[in-house]
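One structure is given here, and the rest of the page talks about it.
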Amino acid sequence: MKRNHLYCGLILAMLGVQISASAQKQIDIQTSHSGLVFTVAPNNKLYQSYLGKNIQPATVRTANATAREAYAQGGGSFLFQPAIRMVHTDGSASLDLRVAEYHTTRVNDNNSVTRIVLKDSVYPVTVQLFLSSFYKEDVIKSWAVISHKEKKPVRITNFASSMLNLHADSYWLTQFHGDWAEEMHEEDSKLTSGMKVIDSKLGSRANMYQTPAFLLSLNGPSTETEGELVAGTLAWSGNFQFVFEVDEKNQLNVLSGINPYASDYQLEPNTDFTTPEFIFTYSAKGRGQASRNLHNWARNHGVLNGKGSRYTLLNNWEATQFDFDEQKLSGLFDEARLLGTDLFLLDDGWFANKYPRNDDHAGLGDWQENKKKLPSGLGHLVKEATAKGVKFGIWLEPEMLNPKSELYEKHPNWVLKLQNRPEDYFRNQLVLDIINPEVSEFVYKMVDDMLTKNPGIAYIKWDCNRMMTNAGSPYLGEKQSNLYIDYVRSLYAILDRLRKKYPELPMMLCSGGGGRTDYGGLKYFTEFWPSDNTDPYDRIFIQWGYSYFFPANTIACHVTSWGKQSLKFRTDVAMMGRLGYDIDVARMPENDLKFSQQAVASYKNLSAVIGQGDQYRLVNPNQQQRAAVMYVDSNKSKAVLFAYTLQPRYSTNWTPVKLQGLEAAKLYMVKEINLYPGTQASLPEHNKQYTGEYLMNVGLQVSSANPLTSTVVEITAAP
């Protein structure tokens, strides 16, 4: 009975009833294990009252319900970094937002969307806050829609997607940073008084140095299985910013959204400015649970065909680089079929004639088949691959061009460049000004024409190999501060059009390695390329870092010749994600080929568990000279364990690795797989049965005394 008045208030709110100033009201957003509560004060200001374990709203009401404003505005009495700041047409730089209405729409049994409408007390400005909660996955998406009805454009200088307010004894931030071939360095630090900013100003290849994702632990560092934390990531393929600000009361504001750097946005009247989605989850059971929440959400809602299967593939790059012709490619189709992969991927170098693409200095932007290399055209390759039982995929870099190209000769103003400054090259190329509708149409038509003429193309690798420098848009004219934002919106508009016409075509999101790894892009792509570094030792750490936020079926992992480790070690590492090969199969010794064929077959048998199963990170390579990860299907009847020994000191005595996620009472058969021809299983528990309770409390002796070795274990419930 105590909740009846709350339900009445929520029902009125759902009907869009105007709010009275006579009493506080609460907006309760719940998932299965977490809760986010807002309070509407008597003066109609909006406050965040609670974020944490799922509790009764009445419990929150007894606390300080108006501790801090939920979407703080600049120019008023708020003394810290604001969520929003606007300069009006009269020059005033202030907002005073009050709740005008709110309502919750139930989309289905799992998803509800809460819309909170804030209006300025003087100016005709509206900010709509949206919070979409996914009950089963324990995930919330937050974004804002800003609009106005002033007579001329206003300037918005801050525009956060989310402003989370937290109060704990201490805050521990885990961030991820790096560079080309060294992505996802994991770093933990304690937040102290003041401001910590993680951001990007790189434009097109925005994630090159910093990753748009974080773990925020409360009251002490979290572990895989213990601790309270928020895991968050921004769905945006451009400049981003996270601001963590601890105030004088040891309270923490977390702002997430587009980086406002050089992006004061000129917003026209009666036009919506929609921020990207900030996606976050709260866990009281450590990092592992937070990751599984995000993985489940991603497969169900965030990634193109997230519940579907993925192709295994063979890429030609290491075998040929730019040096190939039709005959050589035809031989590689045979190698893909021999290996057992589903698809052959033709990489860079297949296009341009006046300035042939024989290296990375020329041809980019001239998307016609190179007549010397491919006289019969792409259609011939597609048909020949299909006839050999292999699907055909192709590499593109649609957003870029080389100055040495026909496209540049015809359209020198189609590139991003500053007036009165020299062009600045990176990888001998420039970024196309896709904000310009003519350029956007060119990019769309290029991809569409290729797919229309060659309907058998089954896969695209969409690359983007440079960031923005000396960037100015000839099309934008005086609105240059809109560039970084409008570029990403234009990219998404192109992808929207392509997806409407080709809704199921698998595509890899690539950006010189891991320069684009975000859910803004992944709603158009089935997977992403995490790094050009495929050395398996380094990849263990890189893939470990990405696994905090992305499920295994989105992380493309290839067996290559990088590194001096054994083929088995390289293969076992690549099997943790979407398996592919970028290797010269023709030069493989007989046993290497036999092992690889067996590994591809084993991966296909286990790919559903790896791609769709719950992931458990068991041993952290940042803490020990070994790593272990396992995946368990939803019925707890099938699991696979990957264990890697790195560089242990001589005579290290490893303890058994305790498994997770199994059913204690079930009996499981343990079998070591991926054995190299002529070798025997090294696992002492091989081909024996154990209860789930035993495996989770005693464990398996999977770690070796030998450096750079690996073990793959298939775990199957007894019938």
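Letters for chains follow the order of the structure tokens (A, B, ...), residue numbers begin at 1 for each chain, and ligand numbers begin at 1 in the order shown.
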- Item | Residue contacts of region 164-180 of chain A (8 Å, only C-alpha atoms) excluding same-chain residues fewer than 3 positions away, as a ChimeraX atom specification | /A:48,50-51,68,70,183-192,208-211,213-221,250-255,512-514,531-533,545
Counting only C-alpha atoms, which residues in region 128-202 of chain A sit no more than 12 Å from region 32-36 of chain A? For each one, give the nearest pair of atoms and the distance in Å, sorted by chain then residue number, as JSON lines.
{"residue": "A:Leu131", "atom": "CA", "partner": "A:Leu36", "partner_atom": "CA", "distance": 9.7}
{"residue": "A:Ser132", "atom": "CA", "partner": "A:Leu36", "partner_atom": "CA", "distance": 11.3}
{"residue": "A:Ser133", "atom": "CA", "partner": "A:Leu36", "partner_atom": "CA", "distance": 9.7}
{"residue": "A:Phe134", "atom": "CA", "partner": "A:Ser32", "partner_atom": "CA", "distance": 8.6}
{"residue": "A:Tyr135", "atom": "CA", "partner": "A:Ser32", "partner_atom": "CA", "distance": 5.2}
{"residue": "A:Lys136", "atom": "CA", "partner": "A:Ser32", "partner_atom": "CA", "distance": 5.9}
{"residue": "A:Glu137", "atom": "CA", "partner": "A:Ser32", "partner_atom": "CA", "distance": 7.7}
{"residue": "A:Asp138", "atom": "CA", "partner": "A:Ser32", "partner_atom": "CA", "distance": 6.0}
{"residue": "A:Val139", "atom": "CA", "partner": "A:Ser34", "partner_atom": "CA", "distance": 8.8}
{"residue": "A:Ile140", "atom": "CA", "partner": "A:Leu36", "partner_atom": "CA", "distance": 9.1}
{"residue": "A:Lys141", "atom": "CA", "partner": "A:Leu36", "partner_atom": "CA", "distance": 11.6}
{"residue": "A:Ser142", "atom": "CA", "partner": "A:Leu36", "partner_atom": "CA", "distance": 11.4}
{"residue": "A:Leu164", "atom": "CA", "partner": "A:Leu36", "partner_atom": "CA", "distance": 9.7}
{"residue": "A:Asn165", "atom": "CA", "partner": "A:Leu36", "partner_atom": "CA", "distance": 10.4}
{"residue": "A:Leu166", "atom": "CA", "partner": "A:Leu36", "partner_atom": "CA", "distance": 11.2}
Restricting it to N, CA, C and O atoms, dump the selection as a JSON list (two decimals), in the first residue's frame.
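Result file again.json:
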[["chain", "number", "residue", "atom", "x", "y", "z"],
["A", 131, "LEU", "N", 15.87, 7.86, -21.26],
["A", 131, "LEU", "CA", 16.55, 6.75, -20.60],
["A", 131, "LEU", "C", 15.82, 5.47, -20.98],
["A", 131, "LEU", "O", 14.65, 5.28, -20.64],
["A", 132, "SER", "N", 16.52, 4.64, -21.73],
["A", 132, "SER", "CA", 15.96, 3.38, -22.20],
["A", 132, "SER", "C", 16.55, 2.26, -21.36],
["A", 132, "SER", "O", 17.76, 2.03, -21.37],
["A", 133, "SER", "N", 15.70, 1.56, -20.61],
["A", 133, "SER", "CA", 16.17, 0.52, -19.70],
["A", 133, "SER", "C", 15.86, -0.86, -20.27],
["A", 133, "SER", "O", 14.76, -1.11, -20.77],
["A", 134, "PHE", "N", 16.83, -1.73, -20.19],
["A", 134, "PHE", "CA", 16.70, -3.11, -20.65],
["A", 134, "PHE", "C", 16.75, -4.01, -19.41],
["A", 134, "PHE", "O", 17.82, -4.23, -18.83],
["A", 135, "TYR", "N", 15.59, -4.50, -19.03],
["A", 135, "TYR", "CA", 15.40, -5.14, -17.73],
["A", 135, "TYR", "C", 16.28, -6.38, -17.57],
["A", 135, "TYR", "O", 17.00, -6.52, -16.59],
["A", 136, "LYS", "N", 16.23, -7.28, -18.55],
["A", 136, "LYS", "CA", 16.95, -8.56, -18.41],
["A", 136, "LYS", "C", 18.46, -8.36, -18.47],
["A", 136, "LYS", "O", 19.21, -9.06, -17.78],
["A", 137, "GLU", "N", 18.90, -7.43, -19.30],
["A", 137, "GLU", "CA", 20.35, -7.24, -19.47],
["A", 137, "GLU", "C", 20.96, -6.31, -18.44],
["A", 137, "GLU", "O", 22.20, -6.17, -18.39],
["A", 138, "ASP", "N", 20.14, -5.62, -17.62],
["A", 138, "ASP", "CA", 20.66, -4.67, -16.63],
["A", 138, "ASP", "C", 21.46, -3.55, -17.29],
["A", 138, "ASP", "O", 22.50, -3.12, -16.78],
["A", 139, "VAL", "N", 20.97, -3.06, -18.40],
["A", 139, "VAL", "CA", 21.65, -2.00, -19.16],
["A", 139, "VAL", "C", 20.69, -0.83, -19.35],
["A", 139, "VAL", "O", 19.50, -1.02, -19.56],
["A", 140, "ILE", "N", 21.24, 0.38, -19.27],
["A", 140, "ILE", "CA", 20.48, 1.61, -19.52],
["A", 140, "ILE", "C", 21.19, 2.43, -20.58],
["A", 140, "ILE", "O", 22.42, 2.57, -20.55],
["A", 141, "LYS", "N", 20.43, 2.95, -21.53],
["A", 141, "LYS", "CA", 20.94, 3.91, -22.51],
["A", 141, "LYS", "C", 20.42, 5.29, -22.16],
["A", 141, "LYS", "O", 19.24, 5.45, -21.82],
["A", 142, "SER", "N", 21.28, 6.29, -22.27],
["A", 142, "SER", "CA", 20.89, 7.65, -21.95],
["A", 142, "SER", "C", 21.29, 8.58, -23.10],
["A", 142, "SER", "O", 22.41, 8.47, -23.62],
["A", 164, "LEU", "N", 25.94, 11.34, -14.69],
["A", 164, "LEU", "CA", 25.72, 10.46, -13.56],
["A", 164, "LEU", "C", 26.32, 11.08, -12.31],
["A", 164, "LEU", "O", 27.43, 11.63, -12.34],
["A", 165, "ASN", "N", 25.60, 10.97, -11.21],
["A", 165, "ASN", "CA", 26.05, 11.51, -9.93],
["A", 165, "ASN", "C", 26.22, 10.37, -8.94],
["A", 165, "ASN", "O", 25.30, 9.57, -8.74],
["A", 166, "LEU", "N", 27.39, 10.30, -8.33],
["A", 166, "LEU", "CA", 27.72, 9.19, -7.43],
["A", 166, "LEU", "C", 28.29, 9.72, -6.13],
["A", 166, "LEU", "O", 28.93, 10.77, -6.10]]
Show which residues sit within 12 Å of Ala493 (chain A), as a tab-separated table (two decimals) with C-alpha atoms, in the first residue's frame. Count only C-alpha atoms, and ignore same-chain residues fewer than 6 positions away.
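Result file part_34.tsv:
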chain	number	residue	atom	x	y	z
A	434	ILE	CA	31.30	13.71	-46.72
A	435	ILE	CA	29.35	16.56	-45.07
A	437	PRO	CA	25.88	16.08	-50.07
A	440	SER	CA	28.16	11.78	-49.56
A	441	GLU	CA	26.23	10.70	-52.66
A	443	VAL	CA	30.50	7.49	-51.48
A	444	TYR	CA	27.09	5.87	-51.23
A	486	ASP	CA	28.35	16.69	-38.86
A	487	TYR	CA	31.05	14.39	-40.26
A	499	ARG	CA	21.66	-0.84	-44.53
A	500	LYS	CA	18.16	-0.15	-45.82
A	521	GLY	CA	29.28	2.11	-35.59
A	524	TYR	CA	25.79	-1.00	-38.93
- Task: Name the residues of region 585-616 of chain A that fall into helix (DSSP H, G or I) according to DSSP on the backbone, using the chain letters and numbers of this document, as a VMD selection string.
- Result: chain A and resid 585 to 587 590 to 612
- Residue contacts of Gly477 (chain A) (12 Å, only C-alpha atoms) excluding same-chain residues fewer than 5 positions away, as a PyMOL selection string: chain A and resi 416-419+435-436+472+482-483
